[in-house]
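Structure file upload_1.csv (CSV, C-alpha atoms and all ligand atoms) is printed below.
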```
chain,number,residue,atom,x,y,z
O,26,MET,CA,-60.6,70.4,19.3
O,27,ASN,CA,-60.6,71.2,23.0
O,28,ARG,CA,-60.4,68.6,25.7
O,29,GLU,CA,-64.1,68.4,26.4
O,30,ASN,CA,-64.9,67.9,22.8
O,31,LEU,CA,-62.3,65.2,22.5
O,32,GLN,CA,-63.8,63.3,25.5
O,33,GLN,CA,-67.2,63.6,23.9
O,34,TRP,CA,-66.0,62.4,20.6
O,35,ILE,CA,-64.3,59.4,22.2
O,36,ARG,CA,-67.5,58.6,24.1
O,37,ARG,CA,-69.6,58.8,21.0
O,38,ASN,CA,-67.3,56.8,18.7
O,39,PHE,CA,-65.2,54.4,20.8
O,40,VAL,CA,-67.5,53.3,23.6
O,41,PRO,CA,-70.0,51.7,21.3
O,42,VAL,CA,-67.2,50.0,19.4
O,43,ILE,CA,-65.6,48.6,22.5
O,44,ALA,CA,-69.0,47.6,23.9
O,45,GLY,CA,-69.8,45.9,20.6
O,46,THR,CA,-66.5,44.1,20.4
O,47,ALA,CA,-66.9,42.9,24.0
O,48,LEU,CA,-70.5,41.7,23.2
O,49,ALA,CA,-69.3,39.9,20.1
O,50,LEU,CA,-66.5,38.2,22.0
O,51,ILE,CA,-68.8,37.0,24.7
O,52,LEU,CA,-71.2,35.7,22.0
O,53,PHE,CA,-68.3,34.0,20.2
O,54,LEU,CA,-66.9,32.3,23.3
O,55,GLY,CA,-70.4,31.3,24.4
O,56,ILE,CA,-71.1,29.6,21.0
O,57,ARG,CA,-67.7,27.9,21.1
O,58,PHE,CA,-68.3,26.6,24.6
O,59,THR,CA,-71.8,25.3,23.5
O,60,VAL,CA,-70.4,23.6,20.4
O,61,ASN,CA,-67.6,22.0,22.4
O,62,LEU,CA,-70.1,20.7,24.9
O,63,LEU,CA,-72.2,19.2,22.1
O,64,ASN,CA,-69.3,17.6,20.4
O,65,ARG,CA,-67.9,15.9,23.5
O,66,PRO,CA,-68.2,12.1,23.1
O,67,ALA,CA,-70.8,10.6,25.4
O,68,PRO,CA,-69.3,8.9,28.4
O,69,ALA,CA,-69.1,5.1,28.1
O,70,PRO,CA,-72.0,3.4,29.8
O,71,ALA,CA,-70.9,1.8,33.1
O,72,LYS,CA,-70.4,-2.0,32.7
O,73,PRO,CA,-73.0,-4.1,34.6
O,74,ALA,CA,-71.5,-5.4,37.8
O,75,HIS,CA,-71.8,-9.1,36.7
O,76,GLU,CA,-69.7,-8.4,33.6
O,77,LYS,CA,-66.1,-8.9,34.6
O,78,PRO,CA,-63.3,-7.7,32.3
O,79,GLU,CA,-61.6,-10.5,30.2
O,80,ASP,CA,-58.9,-12.2,32.2
O,81,PRO,CA,-55.7,-12.1,30.1
O,82,ASP,CA,-54.5,-15.3,31.7
O,83,ALA,CA,-57.7,-17.2,30.9
O,84,ILE,CA,-57.3,-20.8,29.7
O,85,HIS,CA,-58.3,-21.2,26.0
O,86,TYR,CA,-56.2,-24.2,25.0
O,87,LEU,CA,-55.4,-27.7,26.3
O,88,VAL,CA,-52.3,-29.0,24.6
O,89,VAL,CA,-51.3,-32.6,24.4
O,90,HIS,CA,-47.7,-33.8,24.2
O,91,HIS,CA,-45.7,-37.0,24.4
O,92,SER,CA,-42.4,-37.5,26.2
O,93,VAL,CA,-40.5,-39.3,23.4
O,94,SER,CA,-39.2,-41.7,26.0
O,95,GLU,CA,-40.0,-45.3,26.7
O,96,TRP,CA,-40.5,-44.7,30.4
O,97,GLY,CA,-41.3,-41.8,32.8
O,98,SER,CA,-43.5,-40.2,35.4
O,99,GLY,CA,-44.3,-36.8,36.9
O,100,ALA,CA,-41.2,-37.1,39.1
O,101,ALA,CA,-39.0,-38.0,36.1
O,102,VAL,CA,-40.3,-35.0,34.0
O,103,VAL,CA,-39.7,-32.7,37.0
O,104,GLU,CA,-36.1,-33.9,37.0
O,105,TRP,CA,-35.6,-33.7,33.2
O,106,HIS,CA,-37.0,-30.2,33.0
O,107,THR,CA,-35.8,-28.5,36.2
O,108,GLY,CA,-32.7,-30.5,37.1
O,109,PRO,CA,-29.2,-28.9,36.6
O,110,PRO,CA,-27.4,-29.6,33.3
O,111,PRO,CA,-27.4,-31.9,31.5
O,112,HIS,CA,-31.1,-31.5,32.3
O,113,ARG,CA,-32.9,-28.4,31.1
O,114,ASN,CA,-32.6,-26.3,34.3
O,115,TRP,CA,-36.0,-24.6,33.8
O,116,ASP,CA,-37.8,-22.9,36.7
O,117,LEU,CA,-40.8,-25.1,36.2
O,118,PRO,CA,-41.5,-28.3,34.3
O,119,GLY,CA,-43.1,-27.8,30.8
O,120,TYR,CA,-46.3,-29.7,31.6
O,121,HIS,CA,-49.1,-29.4,34.2
O,122,ALA,CA,-49.8,-33.1,34.2
O,123,VAL,CA,-48.0,-36.3,33.1
O,124,ILE,CA,-49.8,-39.5,32.3
O,125,GLY,CA,-47.7,-42.7,32.9
O,126,ASN,CA,-47.5,-45.8,30.7
O,127,GLY,CA,-46.7,-48.4,33.3
O,128,TYR,CA,-43.0,-47.9,33.2
O,129,PRO,CA,-42.3,-45.1,35.7
O,130,THR,CA,-38.5,-45.6,35.9
O,131,LYS,CA,-35.6,-46.5,33.7
O,132,GLU,CA,-35.1,-49.6,35.7
O,133,SER,CA,-38.7,-50.8,35.3
O,134,TRP,CA,-38.4,-50.3,31.5
O,135,LYS,CA,-35.0,-52.1,31.3
O,136,LYS,CA,-36.3,-55.1,33.2
O,137,ARG,CA,-39.8,-54.8,31.6
O,138,VAL,CA,-41.4,-54.8,35.0
O,139,TYR,CA,-44.9,-53.4,34.1
O,140,ASP,CA,-46.6,-51.5,36.9
O,141,SER,CA,-50.3,-51.4,36.3
O,142,GLY,CA,-50.8,-48.7,39.0
O,143,ALA,CA,-48.5,-46.4,37.0
O,144,ASP,CA,-50.3,-47.1,33.7
O,145,GLY,CA,-52.7,-44.2,33.1
O,146,ARG,CA,-51.7,-42.6,36.4
O,147,VAL,CA,-52.1,-38.8,36.2
O,148,ASP,CA,-49.3,-36.9,38.0
O,149,ARG,CA,-50.1,-33.3,38.5
O,150,ILE,CA,-46.8,-31.5,38.7
O,151,VAL,CA,-47.6,-27.8,38.2
O,152,SER,CA,-50.5,-25.7,39.6
O,153,GLU,CA,-53.0,-24.8,36.9
O,154,SER,CA,-52.7,-21.2,38.0
O,155,LEU,CA,-49.2,-21.1,36.5
O,156,ARG,CA,-48.1,-21.0,32.8
O,157,VAL,CA,-45.4,-23.4,31.7
O,158,ASN,CA,-43.0,-23.8,28.9
O,159,GLY,CA,-44.9,-26.4,26.7
O,160,VAL,CA,-45.3,-24.7,23.3
O,161,ARG,CA,-43.1,-22.0,22.0
O,162,PHE,CA,-45.1,-18.7,21.6
O,163,GLY,CA,-48.2,-20.6,22.9
O,164,ASN,CA,-48.1,-20.9,26.7
O,165,LYS,CA,-50.0,-17.9,27.9
O,166,ASN,CA,-53.5,-19.3,27.7
O,167,ALA,CA,-52.8,-23.0,27.8
O,168,LEU,CA,-52.6,-26.0,30.0
O,169,GLN,CA,-50.2,-28.8,29.0
O,170,VAL,CA,-50.5,-32.5,29.5
O,171,CYS,CA,-47.9,-35.1,28.5
O,172,LEU,CA,-48.3,-38.8,27.7
O,173,ILE,CA,-45.2,-40.9,28.6
O,174,GLY,CA,-44.0,-42.8,25.5
O,175,ASP,CA,-42.6,-42.4,22.1
O,176,LEU,CA,-45.9,-42.2,20.3
O,177,ASP,CA,-44.5,-41.9,16.8
O,178,ARG,CA,-43.4,-45.5,17.2
O,179,ARG,CA,-45.7,-47.0,19.8
O,180,ASP,CA,-49.4,-46.7,20.6
O,181,PRO,CA,-50.4,-45.0,23.8
O,182,THR,CA,-51.9,-47.5,26.3
O,183,GLU,CA,-55.7,-47.8,26.7
O,184,LYS,CA,-55.4,-46.6,30.3
O,185,GLN,CA,-53.4,-43.6,29.2
O,186,MET,CA,-56.0,-42.6,26.6
O,187,ALA,CA,-58.9,-43.1,29.1
O,188,ALA,CA,-57.0,-41.0,31.7
O,189,LEU,CA,-56.3,-38.3,29.1
O,190,THR,CA,-59.9,-38.2,28.0
O,191,ASN,CA,-61.1,-37.9,31.6
O,192,LEU,CA,-58.6,-35.1,32.4
O,193,LEU,CA,-59.4,-33.1,29.3
O,194,THR,CA,-63.2,-33.6,30.0
O,195,HIS,CA,-62.6,-32.2,33.5
O,196,TRP,CA,-60.7,-29.2,32.2
O,197,CYS,CA,-63.2,-28.4,29.5
O,198,ILE,CA,-66.0,-28.3,32.0
O,199,LYS,CA,-64.0,-26.4,34.6
O,200,TYR,CA,-62.8,-23.7,32.2
O,201,GLY,CA,-65.9,-23.7,29.9
O,202,LEU,CA,-64.1,-24.9,26.8
O,203,ASP,CA,-65.4,-26.5,23.6
O,204,PRO,CA,-63.3,-29.7,23.1
O,205,ARG,CA,-63.5,-29.3,19.3
O,206,THR,CA,-61.6,-26.1,19.4
O,207,ALA,CA,-59.7,-26.1,22.7
O,208,ILE,CA,-57.9,-29.4,22.5
O,209,LEU,CA,-54.8,-29.4,20.3
O,210,GLY,CA,-51.7,-31.5,19.8
O,211,HIS,CA,-48.4,-29.7,20.3
O,212,GLY,CA,-47.9,-29.7,16.5
O,213,GLU,CA,-51.4,-28.5,15.8
O,214,MET,CA,-50.9,-25.7,18.3
O,215,GLN,CA,-47.7,-24.7,16.6
O,216,GLU,CA,-49.5,-24.6,13.2
O,217,HIS,CA,-52.3,-22.6,14.8
O,218,ILE,CA,-49.9,-20.0,16.1
O,219,GLY,CA,-48.0,-20.0,12.8
O,220,LEU,CA,-44.8,-18.5,14.0
O,221,GLU,CA,-42.5,-21.5,13.4
O,222,GLY,CA,-41.5,-22.9,10.0
O,223,TYR,CA,-41.6,-26.5,10.9
O,224,SER,CA,-44.2,-28.7,12.6
O,225,LYS,CA,-43.7,-31.2,15.3
O,226,THR,CA,-45.5,-34.5,15.2
O,227,CYS,CA,-46.0,-34.2,19.0
O,228,PRO,CA,-48.0,-35.9,20.6
O,229,GLY,CA,-47.0,-38.6,18.1
O,230,GLU,CA,-48.5,-40.1,14.9
O,231,ARG,CA,-50.1,-42.9,16.9
O,232,VAL,CA,-52.4,-40.4,18.8
O,233,ASP,CA,-55.6,-39.7,16.9
O,234,MET,CA,-56.4,-36.1,17.9
O,235,ASP,CA,-59.7,-36.1,16.1
O,236,ALA,CA,-60.8,-39.3,17.9
O,237,LEU,CA,-59.6,-37.8,21.2
O,238,ARG,CA,-61.6,-34.5,20.7
O,239,ALA,CA,-64.7,-36.6,19.8
O,240,ALA,CA,-64.4,-38.8,22.9
O,241,VAL,CA,-64.0,-35.7,25.1
O,242,LEU,CA,-66.9,-34.0,23.5
O,243,SER,CA,-69.2,-37.0,24.1
O,244,GLN,CA,-68.0,-37.2,27.8
O,245,VAL,CA,-68.6,-33.5,28.3
O,246,ILE,CA,-72.1,-33.8,26.9
O,247,ARG,CA,-72.8,-36.8,29.0
O,248,ARG,CA,-71.6,-35.1,32.2
O,249,LEU,CA,-73.5,-31.9,31.6
O,250,LEU,CA,-76.8,-33.6,30.8
O,251,PRO,CA,-79.3,-33.5,33.7
O,252,ARG,CA,-79.5,-36.7,35.7
O,253,GLY,CA,-81.6,-39.4,34.1
O,254,MET,CA,-80.9,-38.2,30.6
O,255,GLU,CA,-77.6,-40.0,30.2
O,256,GLN,CA,-77.7,-43.0,28.0
P,1,ZN,ZN,-44.7,-31.5,22.7
```
Write the structure described by the file as structure tokens, please.
Amino acid sequence: MNRENLQQWIRRNFVPVIAGTALALILFLGIRFTVNLLNRPAPAPAKPAHEKPEDPDAIHYLVVHHSVSEWGSGAAVVEWHTGPPPHRNWDLPGYHAVIGNGYPTKESWKKRVYDSGADGRVDRIVSESLRVNGVRFGNKNALQVCLIGDLDRRDPTEKQMAALTNLLTHWCIKYGLDPRTAILGHGEMQEHIGLEGYSKTCPGERVDMDALRAAVLSQVIRRLLPRGMEQ
């Protein structure tokens, strides 16, 4: 075979093969590209502007405690929780609010000098925008309120329960919470979380949590009804 014949032979046999292969490759890549395009997941639809993402710090629970002391106030709790040892030395007190029982100081309790202005007085001691150390494993989405008193042994005062009902009503409306599911005693919250093997009686056996939830619910409804519809 001379050179010219060889070139002719190559042209006849190889050129169509190479051209065919190139064409097949282009077809193959084209099909693959199209299939990939079709299989790609549809982009998520944009969220409407009014729909904000869920706030991880949103308030879901309102937790009720007692101080297990005969006397106290917001100032006393601040000292007990944030004071240097033998106090707890925390950065912040464990409650957002404290509701007094009429005996704000040790002295007043010792002498039994009842202060009606300090009975049912709500002391706000921590900003609601901060989370505090009220319930182990359960502080992230909760506000905490503490009644002064040892309420396993004594009843809370009427003024304390009225002030507590008002505060919880205010918080339920402010944060859009259902009193029946948002309000929990410390021990109930512990059970709800389910990470501890024992259950506290906090806020005390003398506090009827079901009655409290019902009282707050009826106040919330009354306050949300349009004017003139209240009974
Ligand atoms: Zn407690």
For the contact check between region 129-230 of chain O and region 94-99 of chain O, emit one row per residue of region 129-230 of chain O within 6 Å, containing the shortest atom pair and the distance in Å rounded to one decimal, counting all atoms listed in the file, chain then rising number order, as a Markdown table.
```
| residue | atom | partner | partner_atom | distance |
| --- | --- | --- | --- | --- |
| O:Pro129 | CA | O:Gly97 | CA | 4.5 |
| O:Thr130 | CA | O:Gly97 | CA | 5.6 |
| O:Asp148 | CA | O:Gly99 | CA | 5.1 |
| O:Ile173 | CA | O:Gly97 | CA | 5.8 |
| O:Gly174 | CA | O:Glu95 | CA | 4.9 |
| O:Asp175 | CA | O:Ser94 | CA | 5.2 |
```
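Of the listed residues O:Asn164, O:Thr206, O:Gln244, O:Thr194, the one whose atoms come nearest to ligand ZN 1 (chain P) is O:Asn164, with distances taken using only C-alpha atoms and all ligand atoms.
Across the model, the gap from CA of Val232 (chain O) to CA of Ile218 (chain O) is 20.7 Å.
Using all atoms listed in the file, we find that the residues with an atom at most 7 Å from any atom of ligand ZN 1 (chain P) are Val89, His90, His91, Gly159, Val160, His211, Cys227 and Pro228 of chain O.
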Problem set entry | Exercise: Glu216 (chain O) partners within 12 Å, all atoms listed in the file, chain neighbours under 4 positions left out, as a PyMOL selection string | chain O and resi 160-163+209-212+220-227
Atoms to include: C-alpha atoms. Write the selected residues as a compact mmCIF listing (two decimals), keeping the file's coordinate frame.
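Output saved as selection_4.txt:
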```txt
# COMPACT_ATOMS: atom_id res chain seq x y z
CA VAL O 160 -45.30 -24.70 23.30
CA ARG O 161 -43.10 -22.00 22.00
CA PHE O 162 -45.10 -18.70 21.60
CA GLY O 163 -48.20 -20.60 22.90
CA LEU O 209 -54.80 -29.40 20.30
CA GLY O 210 -51.70 -31.50 19.80
CA HIS O 211 -48.40 -29.70 20.30
CA GLY O 212 -47.90 -29.70 16.50
CA LEU O 220 -44.80 -18.50 14.00
CA GLU O 221 -42.50 -21.50 13.40
CA GLY O 222 -41.50 -22.90 10.00
CA TYR O 223 -41.60 -26.50 10.90
CA SER O 224 -44.20 -28.70 12.60
CA LYS O 225 -43.70 -31.20 15.30
CA THR O 226 -45.50 -34.50 15.20
CA CYS O 227 -46.00 -34.20 19.00
```
Exercise. So how many Å separate CA of Ile124 (chain O) and CA of Arg149 (chain O), to one decimal?
Worked result: 8.8 Å
